[in-house]
Each structure stands twice: as C-alpha cells, then as structure tokens.
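Containing PDB, C-alpha atoms, pLDDT in the B column: data35.pdb.
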ATOM      1  CA  MET A 117     -93.581 -32.575 -50.147  1.00 46.00           C
ATOM      2  CA  PRO A 118     -94.434 -32.361 -53.836  1.00 49.00           C
ATOM      3  CA  VAL A 119     -93.294 -29.349 -55.794  1.00 50.00           C
ATOM      4  CA  LYS A 120     -96.171 -27.169 -56.918  1.00 42.00           C
ATOM      5  CA  ALA A 121     -96.579 -26.294 -60.566  1.00 43.00           C
ATOM      6  CA  GLY A 122     -94.574 -23.225 -61.469  1.00 44.00           C
ATOM      7  CA  GLU A 123     -92.330 -23.303 -58.378  1.00 45.00           C
ATOM      8  CA  ARG A 124     -89.480 -24.825 -60.344  1.00 55.00           C
ATOM      9  CA  LEU A 125     -89.461 -21.585 -62.294  1.00 61.00           C
ATOM     10  CA  ASP A 126     -89.643 -19.360 -59.223  1.00 79.00           C
ATOM     11  CA  PRO A 127     -86.263 -19.414 -57.446  1.00 80.00           C
ATOM     12  CA  GLU A 128     -87.570 -17.406 -54.483  1.00 85.00           C
ATOM     13  CA  ALA A 129     -90.442 -19.836 -53.859  1.00 87.00           C
ATOM     14  CA  THR A 130     -88.005 -22.749 -54.085  1.00 87.00           C
ATOM     15  CA  LYS A 131     -85.617 -21.084 -51.653  1.00 91.00           C
ATOM     16  CA  ALA A 132     -88.460 -20.299 -49.223  1.00 91.00           C
ATOM     17  CA  ARG A 133     -89.702 -23.903 -49.411  1.00 92.00           C
ATOM     18  CA  ILE A 134     -86.207 -25.222 -48.645  1.00 93.00           C
ATOM     19  CA  LEU A 135     -85.770 -22.792 -45.729  1.00 93.00           C
ATOM     20  CA  LYS A 136     -89.128 -23.770 -44.246  1.00 93.00           C
ATOM     21  CA  ALA A 137     -88.458 -27.501 -44.566  1.00 93.00           C
ATOM     22  CA  ALA A 138     -84.914 -27.199 -43.208  1.00 93.00           C
ATOM     23  CA  ALA A 139     -86.080 -25.131 -40.226  1.00 92.00           C
ATOM     24  CA  GLU A 140     -88.664 -27.776 -39.364  1.00 91.00           C
ATOM     25  CA  VAL A 141     -86.234 -30.690 -39.667  1.00 92.00           C
ATOM     26  CA  PHE A 142     -83.395 -28.903 -37.834  1.00 91.00           C
ATOM     27  CA  GLY A 143     -85.818 -27.919 -35.076  1.00 87.00           C
ATOM     28  CA  ARG A 144     -87.139 -31.434 -34.661  1.00 88.00           C
ATOM     29  CA  ARG A 145     -83.896 -33.414 -35.022  1.00 88.00           C
ATOM     30  CA  GLY A 146     -81.082 -30.933 -34.419  1.00 87.00           C
ATOM     31  CA  ILE A 147     -78.558 -29.567 -36.877  1.00 89.00           C
ATOM     32  CA  HIS A 148     -75.829 -32.179 -36.511  1.00 86.00           C
ATOM     33  CA  ALA A 149     -78.245 -35.116 -36.478  1.00 88.00           C
ATOM     34  CA  THR A 150     -79.853 -33.984 -39.742  1.00 89.00           C
ATOM     35  CA  GLY A 151     -78.382 -35.126 -43.013  1.00 89.00           C
ATOM     36  CA  ILE A 152     -78.783 -33.248 -46.257  1.00 90.00           C
ATOM     37  CA  ASN A 153     -80.864 -36.133 -47.643  1.00 91.00           C
ATOM     38  CA  GLU A 154     -83.523 -35.424 -44.994  1.00 91.00           C
ATOM     39  CA  ILE A 155     -83.678 -31.819 -46.156  1.00 92.00           C
ATOM     40  CA  VAL A 156     -83.893 -32.974 -49.787  1.00 90.00           C
ATOM     41  CA  GLU A 157     -86.839 -35.206 -48.942  1.00 92.00           C
ATOM     42  CA  ALA A 158     -88.629 -32.689 -46.719  1.00 92.00           C
ATOM     43  CA  ALA A 159     -88.208 -29.812 -49.177  1.00 91.00           C
ATOM     44  CA  GLY A 160     -88.909 -31.759 -52.339  1.00 89.00           C
ATOM     45  CA  ALA A 161     -85.736 -30.282 -53.823  1.00 89.00           C
ATOM     46  CA  SER A 162     -82.589 -31.849 -55.221  1.00 89.00           C
ATOM     47  CA  LYS A 163     -79.186 -31.664 -53.524  1.00 91.00           C
ATOM     48  CA  LEU A 164     -78.023 -29.602 -56.480  1.00 91.00           C
ATOM     49  CA  THR A 165     -80.791 -27.053 -55.883  1.00 90.00           C
ATOM     50  CA  ILE A 166     -79.958 -26.853 -52.182  1.00 92.00           C
ATOM     51  CA  TYR A 167     -76.238 -26.419 -52.822  1.00 91.00           C
ATOM     52  CA  LYS A 168     -76.914 -23.950 -55.641  1.00 92.00           C
ATOM     53  CA  ASN A 169     -78.997 -21.791 -53.288  1.00 92.00           C
ATOM     54  CA  PHE A 170     -77.012 -22.152 -50.065  1.00 93.00           C
ATOM     55  CA  GLY A 171     -73.542 -23.438 -51.007  1.00 92.00           C
ATOM     56  CA  SER A 172     -73.321 -26.040 -48.245  1.00 90.00           C
ATOM     57  CA  LYS A 173     -75.176 -27.442 -45.248  1.00 90.00           C
ATOM     58  CA  ASP A 174     -73.484 -24.748 -43.125  1.00 89.00           C
ATOM     59  CA  GLY A 175     -74.750 -22.119 -45.553  1.00 92.00           C
ATOM     60  CA  LEU A 176     -78.243 -23.571 -45.252  1.00 93.00           C
ATOM     61  CA  VAL A 177     -78.029 -23.535 -41.443  1.00 92.00           C
ATOM     62  CA  GLU A 178     -76.937 -19.900 -41.512  1.00 92.00           C
ATOM     63  CA  ALA A 179     -79.758 -18.973 -43.913  1.00 94.00           C
ATOM     64  CA  VAL A 180     -82.355 -20.763 -41.758  1.00 93.00           C
ATOM     65  CA  LEU A 181     -81.159 -18.961 -38.632  1.00 93.00           C
ATOM     66  CA  ALA A 182     -80.930 -15.574 -40.374  1.00 94.00           C
ATOM     67  CA  ASP A 183     -84.486 -16.024 -41.676  1.00 93.00           C
ATOM     68  CA  ARG A 184     -85.676 -16.989 -38.199  1.00 92.00           C
ATOM     69  CA  THR A 185     -83.949 -13.939 -36.707  1.00 92.00           C
ATOM     70  CA  GLN A 186     -85.680 -11.623 -39.156  1.00 93.00           C
ATOM     71  CA  ARG A 187     -89.086 -13.087 -38.389  1.00 92.00           C
ATOM     72  CA  VAL A 188     -88.553 -13.015 -34.599  1.00 92.00           C
ATOM     73  CA  ARG A 189     -87.450  -9.376 -34.687  1.00 94.00           C
ATOM     74  CA  ALA A 190     -90.465  -8.366 -36.753  1.00 95.00           C
ATOM     75  CA  TRP A 191     -92.746 -10.349 -34.417  1.00 93.00           C
ATOM     76  CA  HIS A 192     -91.410  -8.585 -31.317  1.00 94.00           C
ATOM     77  CA  ASN A 193     -91.288  -5.134 -32.906  1.00 94.00           C
ATOM     78  CA  GLU A 194     -94.924  -5.464 -33.966  1.00 95.00           C
ATOM     79  CA  ALA A 195     -95.992  -6.457 -30.436  1.00 95.00           C
ATOM     80  CA  VAL A 196     -94.076  -3.522 -28.942  1.00 95.00           C
ATOM     81  CA  GLU A 197     -95.529  -1.028 -31.447  1.00 95.00           C
ATOM     82  CA  GLN A 198     -99.077  -2.148 -30.634  1.00 96.00           C
ATOM     83  CA  ALA A 199     -98.650  -1.702 -26.860  1.00 95.00           C
ATOM     84  CA  PRO A 200     -98.965   1.586 -24.988  1.00 94.00           C
ATOM     85  CA  PRO A 201     -95.572   3.241 -24.330  1.00 92.00           C
ATOM     86  CA  GLY A 202     -93.671   2.422 -21.156  1.00 90.00           C
ATOM     87  CA  ARG A 203     -93.761  -0.738 -19.096  1.00 93.00           C
ATOM     88  CA  ASP A 204     -96.652  -2.150 -21.169  1.00 95.00           C
ATOM     89  CA  GLN A 205     -94.335  -2.435 -24.177  1.00 96.00           C
ATOM     90  CA  ILE A 206     -91.896  -4.553 -22.171  1.00 96.00           C
ATOM     91  CA  LEU A 207     -94.709  -6.698 -20.814  1.00 96.00           C
ATOM     92  CA  ALA A 208     -96.007  -7.128 -24.377  1.00 96.00           C
ATOM     93  CA  VAL A 209     -92.791  -8.991 -25.232  1.00 96.00           C
ATOM     94  CA  PHE A 210     -93.371 -11.386 -22.337  1.00 96.00           C
ATOM     95  CA  ASP A 211     -97.055 -11.822 -23.226  1.00 96.00           C
ATOM     96  CA  LEU A 212     -95.919 -12.738 -26.722  1.00 95.00           C
ATOM     97  CA  ILE A 213     -93.435 -15.347 -25.530  1.00 94.00           C
ATOM     98  CA  ALA A 214     -96.025 -16.809 -23.164  1.00 94.00           C
ATOM     99  CA  SER A 215     -98.288 -17.451 -26.146  1.00 94.00           C
ATOM    100  CA  TRP A 216     -95.311 -18.945 -28.027  1.00 94.00           C
ATOM    101  CA  TYR A 217     -94.602 -21.406 -25.185  1.00 94.00           C
ATOM    102  CA  ALA A 218     -98.180 -22.640 -25.483  1.00 92.00           C
ATOM    103  CA  GLU A 219     -97.892 -23.415 -29.217  1.00 91.00           C
ATOM    104  CA  ALA A 220     -97.983 -27.063 -30.252  1.00 87.00           C
ATOM    105  CA  GLY A 221     -94.507 -28.305 -31.050  1.00 86.00           C
ATOM    106  CA  PHE A 222     -92.708 -25.579 -29.054  1.00 90.00           C
ATOM    107  CA  ARG A 223     -89.007 -26.529 -28.876  1.00 90.00           C
ATOM    108  CA  GLY A 224     -87.387 -23.429 -27.445  1.00 90.00           C
ATOM    109  CA  CYS A 225     -85.239 -20.802 -29.092  1.00 90.00           C
ATOM    110  CA  ALA A 226     -83.804 -21.939 -32.429  1.00 88.00           C
ATOM    111  CA  MET A 227     -80.865 -19.546 -32.015  1.00 86.00           C
ATOM    112  CA  MET A 228     -79.818 -20.854 -28.624  1.00 90.00           C
ATOM    113  CA  ASN A 229     -80.426 -24.467 -29.657  1.00 88.00           C
ATOM    114  CA  ALA A 230     -78.190 -24.004 -32.702  1.00 87.00           C
ATOM    115  CA  ALA A 231     -75.497 -22.194 -30.697  1.00 87.00           C
ATOM    116  CA  THR A 232     -75.264 -25.070 -28.238  1.00 86.00           C
ATOM    117  CA  GLU A 233     -74.784 -27.451 -31.163  1.00 83.00           C
ATOM    118  CA  ASP A 234     -71.903 -25.333 -32.472  1.00 73.00           C
ATOM    119  CA  ARG A 235     -69.596 -27.492 -30.305  1.00 70.00           C
ATOM    120  CA  GLY A 236     -67.181 -24.847 -29.142  1.00 65.00           C
ATOM    121  CA  GLN A 237     -66.820 -23.411 -32.629  1.00 72.00           C
ATOM    122  CA  ASP A 238     -67.357 -19.761 -33.331  1.00 77.00           C
ATOM    123  CA  GLY A 239     -69.391 -20.316 -36.478  1.00 81.00           C
ATOM    124  CA  ALA A 240     -72.556 -18.735 -37.777  1.00 85.00           C
ATOM    125  CA  PRO A 241     -74.845 -20.265 -35.121  1.00 88.00           C
ATOM    126  CA  ARG A 242     -72.888 -18.673 -32.262  1.00 89.00           C
ATOM    127  CA  ARG A 243     -72.495 -15.367 -34.096  1.00 89.00           C
ATOM    128  CA  LEU A 244     -76.214 -15.229 -34.869  1.00 90.00           C
ATOM    129  CA  ALA A 245     -77.097 -16.224 -31.290  1.00 91.00           C
ATOM    130  CA  ARG A 246     -74.951 -13.354 -29.963  1.00 92.00           C
ATOM    131  CA  GLU A 247     -76.725 -10.980 -32.375  1.00 93.00           C
ATOM    132  CA  HIS A 248     -80.071 -12.382 -31.213  1.00 94.00           C
ATOM    133  CA  LEU A 249     -79.224 -11.676 -27.563  1.00 95.00           C
ATOM    134  CA  ALA A 250     -77.948  -8.206 -28.498  1.00 96.00           C
ATOM    135  CA  PHE A 251     -81.272  -7.505 -30.231  1.00 96.00           C
ATOM    136  CA  TYR A 252     -83.158  -8.282 -27.014  1.00 96.00           C
ATOM    137  CA  ARG A 253     -80.757  -6.237 -24.855  1.00 97.00           C
ATOM    138  CA  GLU A 254     -81.034  -3.248 -27.202  1.00 97.00           C
ATOM    139  CA  LEU A 255     -84.818  -3.566 -27.463  1.00 97.00           C
ATOM    140  CA  PHE A 256     -85.259  -3.724 -23.694  1.00 97.00           C
ATOM    141  CA  GLU A 257     -82.729  -0.960 -23.057  1.00 96.00           C
ATOM    142  CA  ARG A 258     -84.520   1.348 -25.510  1.00 96.00           C
ATOM    143  CA  LEU A 259     -87.908   0.583 -23.945  1.00 96.00           C
ATOM    144  CA  LEU A 260     -86.550   0.996 -20.424  1.00 96.00           C
ATOM    145  CA  LYS A 261     -85.016   4.375 -21.263  1.00 95.00           C
ATOM    146  CA  GLY A 262     -88.356   5.449 -22.705  1.00 93.00           C
ATOM    147  CA  ALA A 263     -90.069   4.323 -19.501  1.00 93.00           C
ATOM    148  CA  GLY A 264     -87.587   6.252 -17.314  1.00 93.00           C
ATOM    149  CA  ALA A 265     -85.679   3.306 -15.786  1.00 94.00           C
ATOM    150  CA  HIS A 266     -82.899   4.047 -13.271  1.00 93.00           C
ATOM    151  CA  ASP A 267     -80.357   1.661 -14.827  1.00 95.00           C
ATOM    152  CA  PRO A 268     -81.703   0.595 -18.213  1.00 96.00           C
ATOM    153  CA  GLU A 269     -78.584  -1.319 -19.275  1.00 97.00           C
ATOM    154  CA  ARG A 270     -78.512  -3.541 -16.181  1.00 97.00           C
ATOM    155  CA  THR A 271     -82.269  -4.121 -16.182  1.00 97.00           C
ATOM    156  CA  ALA A 272     -82.199  -4.949 -19.909  1.00 97.00           C
ATOM    157  CA  ARG A 273     -79.597  -7.681 -19.233  1.00 97.00           C
ATOM    158  CA  GLN A 274     -81.779  -9.050 -16.430  1.00 97.00           C
ATOM    159  CA  LEU A 275     -84.819  -9.124 -18.710  1.00 97.00           C
ATOM    160  CA  VAL A 276     -82.852 -11.099 -21.308  1.00 97.00           C
ATOM    161  CA  VAL A 277     -81.843 -13.594 -18.610  1.00 97.00           C
ATOM    162  CA  VAL A 278     -85.491 -14.015 -17.621  1.00 97.00           C
ATOM    163  CA  LEU A 279     -86.643 -14.348 -21.224  1.00 96.00           C
ATOM    164  CA  GLU A 280     -84.008 -16.869 -22.352  1.00 95.00           C
ATOM    165  CA  GLY A 281     -84.070 -18.786 -19.057  1.00 95.00           C
ATOM    166  CA  ALA A 282     -87.839 -19.153 -19.163  1.00 95.00           C
ATOM    167  CA  THR A 283     -87.663 -20.187 -22.822  1.00 95.00           C
ATOM    168  CA  LEU A 284     -85.132 -22.906 -22.079  1.00 93.00           C
ATOM    169  CA  ILE A 285     -86.965 -24.257 -19.031  1.00 94.00           C
ATOM    170  CA  SER A 286     -90.328 -24.158 -20.800  1.00 93.00           C
ATOM    171  CA  ALA A 287     -88.881 -26.156 -23.713  1.00 92.00           C
ATOM    172  CA  VAL A 288     -87.162 -28.731 -21.487  1.00 92.00           C
ATOM    173  CA  ASP A 289     -90.089 -29.178 -19.101  1.00 93.00           C
ATOM    174  CA  GLN A 290     -92.751 -28.693 -21.814  1.00 91.00           C
ATOM    175  CA  ASP A 291     -94.403 -26.260 -19.409  1.00 91.00           C
ATOM    176  CA  PRO A 292     -96.228 -23.386 -21.113  1.00 89.00           C
ATOM    177  CA  GLY A 293     -97.074 -21.966 -17.671  1.00 91.00           C
ATOM    178  CA  LEU A 294     -93.570 -20.559 -17.404  1.00 91.00           C
ATOM    179  CA  GLY A 295     -94.661 -17.666 -19.590  1.00 93.00           C
ATOM    180  CA  ALA A 296     -96.905 -16.378 -16.803  1.00 94.00           C
ATOM    181  CA  GLU A 297     -94.135 -16.931 -14.243  1.00 94.00           C
ATOM    182  CA  ALA A 298     -91.644 -15.023 -16.391  1.00 95.00           C
ATOM    183  CA  ARG A 299     -94.114 -12.146 -16.705  1.00 95.00           C
ATOM    184  CA  ALA A 300     -94.552 -12.026 -12.907  1.00 95.00           C
ATOM    185  CA  ILE A 301     -90.759 -11.844 -12.459  1.00 96.00           C
ATOM    186  CA  VAL A 302     -90.617  -9.051 -15.034  1.00 96.00           C
ATOM    187  CA  GLU A 303     -93.359  -7.098 -13.227  1.00 96.00           C
ATOM    188  CA  THR A 304     -91.246  -7.300 -10.041  1.00 96.00           C
ATOM    189  CA  LEU A 305     -88.098  -6.196 -11.897  1.00 95.00           C
ATOM    190  CA  LEU A 306     -89.937  -3.283 -13.483  1.00 95.00           C
ATOM    191  CA  ALA A 307     -91.424  -2.183 -10.164  1.00 94.00           C
ATOM    192  CA  SER A 308     -87.917  -1.710  -8.769  1.00 94.00           C
ATOM    193  CA  ALA A 309     -86.379  -0.358 -12.001  1.00 93.00           C
ATOM    194  CA  LEU A 310     -88.911   2.347 -12.823  1.00 89.00           C
TER     195      LEU A 310
END

As structure tokens, the full file:
Amino acid sequence: MPVKAGERLDPEATKARILKAAAEVFGRRGIHATGINEIVEAAGASKLTIYKNFGSKDGLVEAVLADRTQRVRAWHNEAVEQAPPGRDQILAVFDLIASWYAEAGFRGCAMMNAATEDRGQDGAPRRLAREHLAFYRELFERLLKGAGAHDPERTARQLVVVLEGATLISAVDQDPGLGAEARAIVETLLASAL
C-alpha cells in the first residue's frame, strides 16, 4: 500500500494506517503466524515507524485489539440507542451480529480469536477478551433491568453465551444463517426472562 502524500507528516494517519493493515493481516493469518515484515509491507510503513508507534509486536497487537474494542462498543451502543426501549434493544444487538455474519470475509470475533492464540498466557489479548465479554454482560444486564427481567444477571450471561457461541460457529462453518438462529434462541430466552 503506497503512502499518500502528506501522511508521512501526519502521525495519526500513519498510526491509523498501520492499525488497519495489522488488523487485516492478523485477522487473515493469525497473530502468531504473522511476522512484522508482513505488517511493514501491508501498511507501507517501516519497522522503525511501527516500533516507534507501538513499541513492539505485542504493543501493536494490543493497540489493534483496543481499537477494535472501541469500534465494536460504539457499533453496539448505536444499535441499542436506535431501537425502542426494552426487549427490542436486546434484539437489535442480535440483528446487528446477524448482518455481521453475512459480511464478506467474516472471520469471527477478533477478541476471542486473539485470546485463543495467547497460549495460556495472561497477556493483553486475554485481558482485552475478558473486558470484551464484560462489556456484553454489562450491556445486556442494563438492558434487561430496563426491560424488567426477573434475573438480569443470569440472563445476561446466557445472552453472552448465545452471542459468542453463534459467532464462533458461524465463523467456523461459514454459515451466516446462524444469526437468525441466535435471534430465535434470544427471543425464547427473553420470553421466559421478562
């Protein structure tokens, strides 16, 4: 990817370009299978620039995952805010993931994929994956309380299991239809929880 005129002078544009390229390569090949030279080539940036911005490959991995987390949270919060209060807000999350499963190149959840590559370590990928799951639990628990659920904490955990399980199976089987199946399961859960 050639560097655009003026980007060499804009550190934020350079950093964003590196993050985008690294996310694509890590997503396609995996974190451990990707060498820094692949990121250099994909981002059109030197090793020095990458290390200057991120410190190390681990620092780059953490930055990619943190950026992804921010974007995913904003994506879900926007969908929830646009839906009518109550059960429709919860279903909006599952409608959103169903559309995500149908996207070309869908590879599953970057957080969970990275955490499984952490190889028993307790590094940034696992920490960020735990925070990612906590975000979903807290989001669902808040929405369930607002909808008058009997046991919002338990139901929120169940919704996270459905969401992450469907995401994993959809990625492995390359089956975008699992989004509709996950939504049907959620409708059943909500019928008994509300």

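In this comparison, which uses all atoms listed in the file, the residue of A:Asp289, A:Glu303, A:Glu140, A:Asp126 approaching Val180 (chain A) most closely is A:Glu140.
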
So what does the PyMOL selection byres ((chain A and resi 307) around 12) actually pick up in this one, as a PDB file with C-alpha atoms, in the coordinates of the input?
ATOM      1  CA  ARG A 203     -93.761  -0.738 -19.096  1.00 93.00           C
ATOM      2  CA  LEU A 260     -86.550   0.996 -20.424  1.00 96.00           C
ATOM      3  CA  ALA A 263     -90.069   4.323 -19.501  1.00 93.00           C
ATOM      4  CA  GLY A 264     -87.587   6.252 -17.314  1.00 93.00           C
ATOM      5  CA  ALA A 265     -85.679   3.306 -15.786  1.00 94.00           C
ATOM      6  CA  HIS A 266     -82.899   4.047 -13.271  1.00 93.00           C
ATOM      7  CA  THR A 271     -82.269  -4.121 -16.182  1.00 97.00           C
ATOM      8  CA  ALA A 300     -94.552 -12.026 -12.907  1.00 95.00           C
ATOM      9  CA  ILE A 301     -90.759 -11.844 -12.459  1.00 96.00           C
ATOM     10  CA  VAL A 302     -90.617  -9.051 -15.034  1.00 96.00           C
ATOM     11  CA  GLU A 303     -93.359  -7.098 -13.227  1.00 96.00           C
ATOM     12  CA  THR A 304     -91.246  -7.300 -10.041  1.00 96.00           C
ATOM     13  CA  LEU A 305     -88.098  -6.196 -11.897  1.00 95.00           C
ATOM     14  CA  LEU A 306     -89.937  -3.283 -13.483  1.00 95.00           C
ATOM     15  CA  SER A 308     -87.917  -1.710  -8.769  1.00 94.00           C
ATOM     16  CA  ALA A 309     -86.379  -0.358 -12.001  1.00 93.00           C
ATOM     17  CA  LEU A 310     -88.911   2.347 -12.823  1.00 89.00           C
TER      18      LEU A 310
END

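Candidate residues A:Ala298, A:Ile206, A:Leu259, A:Ala159 were compared for distance to Ser286 (chain A), and the nearest is A:Ala298, using all atoms listed in the file.
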
On this structure, which residues satisfy the PyMOL selection byres ((chain A and resi 250-257) around 10), written as an NGL selection string?
:A and (185 or 189 or 192-193 or 196 or 205-206 or 209 or 244-249 or 258-263 or 265 or 267-277 or 279-280)

For Gln290 (chain A), work out the shell of residues within 12 Å, counting only C-alpha atoms and skipping chain neighbours fewer than 6 positions away, then give it as a PyMOL selection string.
chain A and resi 216-224+282-284

Counting all atoms listed in the file, which residue out of A:Ala149, A:Gln186, A:Ala179, A:Ser215 sits closest to Glu233 (chain A)?
A:Ala149

Kindly resolve the PyMOL selection byres ((chain A and resi 230) around 9) on the present coordinates and return the residues as a ChimeraX atom specification.
/A:142-143,146-147,177,181,225-229,231-234,241-242,245

Of the candidates A:Leu135, A:Ala240, A:Val156, A:Ala129, which shows the shortest atom-to-atom distance to Asp183 (chain A), using all atoms listed in the file?
A:Leu135

For CA of Leu176 (chain A) and CA of Ala138 (chain A), determine how far apart the two atoms are, in Å to one decimal place.
7.9 Å

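CA of Ile166 (chain A) sits 14.5 Å away from CA of Val141 (chain A).
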
As lines of an AutoDock Vina configuration file, what would the box around region 229-244 of chain A look like: edges along x, y and z, 8 Å added on every side, centre and edge lengths in Å to one decimal?
center_x = -73.6
center_y = -21.4
center_z = -33.0
size_x = 29.6
size_y = 28.3
size_z = 25.5

Which residues, protein or nucleic acid, reach to within 7 Å of (-91.4, -11.1, -22.6) in the file's coordinates when using only C-alpha atoms, and can you give that as an mmCIF file with C-alpha atoms, in the coordinates of the input?
data_model
loop_
_atom_site.group_PDB
_atom_site.id
_atom_site.type_symbol
_atom_site.label_atom_id
_atom_site.label_comp_id
_atom_site.auth_asym_id
_atom_site.auth_seq_id
_atom_site.Cartn_x
_atom_site.Cartn_y
_atom_site.Cartn_z
ATOM 1 C CA ILE A 206 -91.896 -4.553 -22.171
ATOM 2 C CA LEU A 207 -94.709 -6.698 -20.814
ATOM 3 C CA ALA A 208 -96.007 -7.128 -24.377
ATOM 4 C CA VAL A 209 -92.791 -8.991 -25.232
ATOM 5 C CA PHE A 210 -93.371 -11.386 -22.337
ATOM 6 C CA ASP A 211 -97.055 -11.822 -23.226
ATOM 7 C CA LEU A 212 -95.919 -12.738 -26.722
ATOM 8 C CA ILE A 213 -93.435 -15.347 -25.530
ATOM 9 C CA LEU A 279 -86.643 -14.348 -21.224
ATOM 10 C CA ARG A 299 -94.114 -12.146 -16.705
#

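Separating CA of Lys173 (chain A) from CA of Lys131 (chain A) is a distance of 13.8 Å.
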
Using all atoms listed in the file, the residue out of A:Ala139, A:Ala132, A:Ala287, A:Ala161 with shortest distance to Ala214 (chain A) is A:Ala287

Final N, CA, C and O atoms of region 151-168 of chain A as an mmCIF file, in the coordinates of the input:
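Below you can see selection-v4.cif, which holds the result:
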data_model
loop_
_atom_site.group_PDB
_atom_site.id
_atom_site.type_symbol
_atom_site.label_atom_id
_atom_site.label_comp_id
_atom_site.auth_asym_id
_atom_site.auth_seq_id
_atom_site.Cartn_x
_atom_site.Cartn_y
_atom_site.Cartn_z
ATOM 1 N N GLY A 151 -79.158 -35.015 -41.783
ATOM 2 C CA GLY A 151 -78.382 -35.126 -43.013
ATOM 3 C C GLY A 151 -79.043 -34.353 -44.138
ATOM 4 O O GLY A 151 -80.244 -34.078 -44.099
ATOM 5 N N ILE A 152 -78.250 -34.022 -45.138
ATOM 6 C CA ILE A 152 -78.783 -33.248 -46.257
ATOM 7 C C ILE A 152 -79.881 -34.016 -46.992
ATOM 8 O O ILE A 152 -80.816 -33.415 -47.523
ATOM 9 N N ASN A 153 -79.816 -35.341 -46.982
ATOM 10 C CA ASN A 153 -80.864 -36.133 -47.643
ATOM 11 C C ASN A 153 -82.224 -35.934 -46.990
ATOM 12 O O ASN A 153 -83.254 -35.990 -47.670
ATOM 13 N N GLU A 154 -82.241 -35.705 -45.671
ATOM 14 C CA GLU A 154 -83.523 -35.424 -44.994
ATOM 15 C C GLU A 154 -84.101 -34.099 -45.463
ATOM 16 O O GLU A 154 -85.317 -33.967 -45.619
ATOM 17 N N ILE A 155 -83.222 -33.125 -45.671
ATOM 18 C CA ILE A 155 -83.678 -31.819 -46.156
ATOM 19 C C ILE A 155 -84.193 -31.965 -47.591
ATOM 20 O O ILE A 155 -85.231 -31.401 -47.945
ATOM 21 N N VAL A 156 -83.470 -32.720 -48.408
ATOM 22 C CA VAL A 156 -83.893 -32.974 -49.787
ATOM 23 C C VAL A 156 -85.305 -33.545 -49.804
ATOM 24 O O VAL A 156 -86.183 -33.065 -50.529
ATOM 25 N N GLU A 157 -85.526 -34.557 -48.984
ATOM 26 C CA GLU A 157 -86.839 -35.206 -48.942
ATOM 27 C C GLU A 157 -87.920 -34.264 -48.412
ATOM 28 O O GLU A 157 -89.007 -34.162 -48.986
ATOM 29 N N ALA A 158 -87.628 -33.572 -47.320
ATOM 30 C CA ALA A 158 -88.629 -32.689 -46.719
ATOM 31 C C ALA A 158 -88.978 -31.508 -47.611
ATOM 32 O O ALA A 158 -90.127 -31.059 -47.637
ATOM 33 N N ALA A 159 -87.987 -31.003 -48.345
ATOM 34 C CA ALA A 159 -88.208 -29.812 -49.177
ATOM 35 C C ALA A 159 -88.689 -30.150 -50.582
ATOM 36 O O ALA A 159 -89.142 -29.256 -51.303
ATOM 37 N N GLY A 160 -88.549 -31.412 -50.969
ATOM 38 C CA GLY A 160 -88.909 -31.759 -52.339
ATOM 39 C C GLY A 160 -87.994 -31.077 -53.338
ATOM 40 O O GLY A 160 -88.422 -30.630 -54.393
ATOM 41 N N ALA A 161 -86.725 -30.945 -52.969
ATOM 42 C CA ALA A 161 -85.736 -30.282 -53.823
ATOM 43 C C ALA A 161 -84.516 -31.194 -53.961
ATOM 44 O O ALA A 161 -84.247 -32.008 -53.088
ATOM 45 N N SER A 162 -83.788 -31.034 -55.020
ATOM 46 C CA SER A 162 -82.589 -31.849 -55.221
ATOM 47 C C SER A 162 -81.423 -31.288 -54.402
ATOM 48 O O SER A 162 -81.431 -30.124 -54.001
ATOM 49 N N LYS A 163 -80.412 -32.131 -54.191
ATOM 50 C CA LYS A 163 -79.186 -31.664 -53.524
ATOM 51 C C LYS A 163 -78.580 -30.508 -54.311
ATOM 52 O O LYS A 163 -78.125 -29.524 -53.725
ATOM 53 N N LEU A 164 -78.589 -30.646 -55.632
ATOM 54 C CA LEU A 164 -78.023 -29.602 -56.480
ATOM 55 C C LEU A 164 -78.714 -28.262 -56.232
ATOM 56 O O LEU A 164 -78.058 -27.225 -56.108
ATOM 57 N N THR A 165 -80.036 -28.291 -56.134
ATOM 58 C CA THR A 165 -80.791 -27.053 -55.883
ATOM 59 C C THR A 165 -80.439 -26.469 -54.520
ATOM 60 O O THR A 165 -80.264 -25.254 -54.380
ATOM 61 N N ILE A 166 -80.315 -27.334 -53.520
ATOM 62 C CA ILE A 166 -79.958 -26.853 -52.182
ATOM 63 C C ILE A 166 -78.564 -26.242 -52.194
ATOM 64 O O ILE A 166 -78.351 -25.129 -51.703
ATOM 65 N N TYR A 167 -77.608 -26.937 -52.786
ATOM 66 C CA TYR A 167 -76.238 -26.419 -52.822
ATOM 67 C C TYR A 167 -76.122 -25.177 -53.706
ATOM 68 O O TYR A 167 -75.359 -24.262 -53.402
ATOM 69 N N LYS A 168 -76.912 -25.126 -54.768
ATOM 70 C CA LYS A 168 -76.914 -23.950 -55.641
ATOM 71 C C LYS A 168 -77.405 -22.714 -54.877
ATOM 72 O O LYS A 168 -76.884 -21.616 -55.038
#
